[in-house]
Amino acid sequence: MKVIITSKNFNASDHLKDVIEKKFEKLGKYFSSDIVANIIISMERGKQKIEATINVRGMIFRAEEHAGDAYECIDRIVEKLSKQMSRFKEKLQKKHKDNKEFSFSAIPEYEESPEEIRVVKTKKFDLLPMTTEEAIMQMELLQHNFFVFLNMESDSINVVYKRKNDDYGLLETSY
């Protein structure tokens with residue numbers, strides 16, 4: 001596994017980078033060697049934030065942590081990613097049984113009984129053409145944390161969402 005470490009508003013020491021690479025070596029046994037893990041280290045509101053993303057043929061494993069100590073964040077992230085892989089091992093095996101990028105025998109069994117994924121509610125609604133700003137306003141009026149709309153500027157289906165820091169995000173679709 002190749003580990004790419006990026007720093008934002010933070011200078012990561014060589015020791016921290018070495019620790020990150022060693023911790024992610026443990027996760028590397030779950031995949032073939034050509035998988036890339038992207039790690040972003042930043043400083044937000046006096047705390048260190050670390051985001052990790054591993055993209056494997058359309059499957060995305062992601063974890064994010066905030067703490068006063070970057071080493072604590074890394075331990076938590078590796079644990080979260082390992083749990084994600086264990087929890088969905090059976091489903092991943094069914095979907096990717098012929099895929100050589102996964103090493104399923106290396107993924108530990110999930111300790112608890114796996115939860116069945118269920119859809120408990122379905123809603124249908126008309127997509128209305130609007131701008132991103134109008135969609136954010138509509139989302140706020142509905143007191144939701146996301147809103148799906150037809151972006152009249154790009155003529156594509158988009159999603160606006162409220163981020164943890166009270167800013168907004170925009171997901172743009174393409175096909």
# chains A, B, ... in the order shown; residues from 1 in each chain; ligands from 1
>>> residues_around(residues="Ile5 in chain A", least_positions_apart="4", cutoff="9 Å", atoms="only C-alpha atoms", output="list of chain:residue names")
A:Ala12, A:Lys17, A:Ile20, A:Glu21, A:Ala37, A:Asn38, A:Ile39, A:Ile40, A:Ile41
>>> residues_around(residues="Leu128 in chain A", least_positions_apart="4", cutoff="12 Å", atoms="only C-alpha atoms", output="number ranges by chain")
A: 132, 134-135, 138, 147-152, 155-158
>>> residues_around(residues="Asn165 in chain A", least_positions_apart="3", cutoff="12 Å", atoms="only C-alpha atoms", output="PyMOL selection string")
chain A and resi 44-45+161-162+168-169
>>> write_last_selection(atoms="C-alpha atoms", output="PDB file, in the first residue's frame")
ATOM      1  CA  GLU A  44      -8.549  23.029  13.193  1.00  0.00           C
ATOM      2  CA  ARG A  45      -9.592  25.044  16.222  1.00  0.00           C
ATOM      3  CA  TYR A 161     -25.152  19.357   2.772  1.00  0.00           C
ATOM      4  CA  LYS A 162     -24.227  20.966   6.067  1.00  0.00           C
ATOM      5  CA  TYR A 168     -21.828  23.819   3.327  1.00  0.00           C
ATOM      6  CA  GLY A 169     -20.742  21.207   0.840  1.00  0.00           C
TER       7      GLY A 169
END
>>> atom_distance(atom1="CA of Gly46 in chain A", atom2="CA of Lys26 in chain A")
29.2 Å
>>> atom_distance(atom1="CA of Tyr71 in chain A", atom2="CA of Lys2 in chain A")
19.4 Å
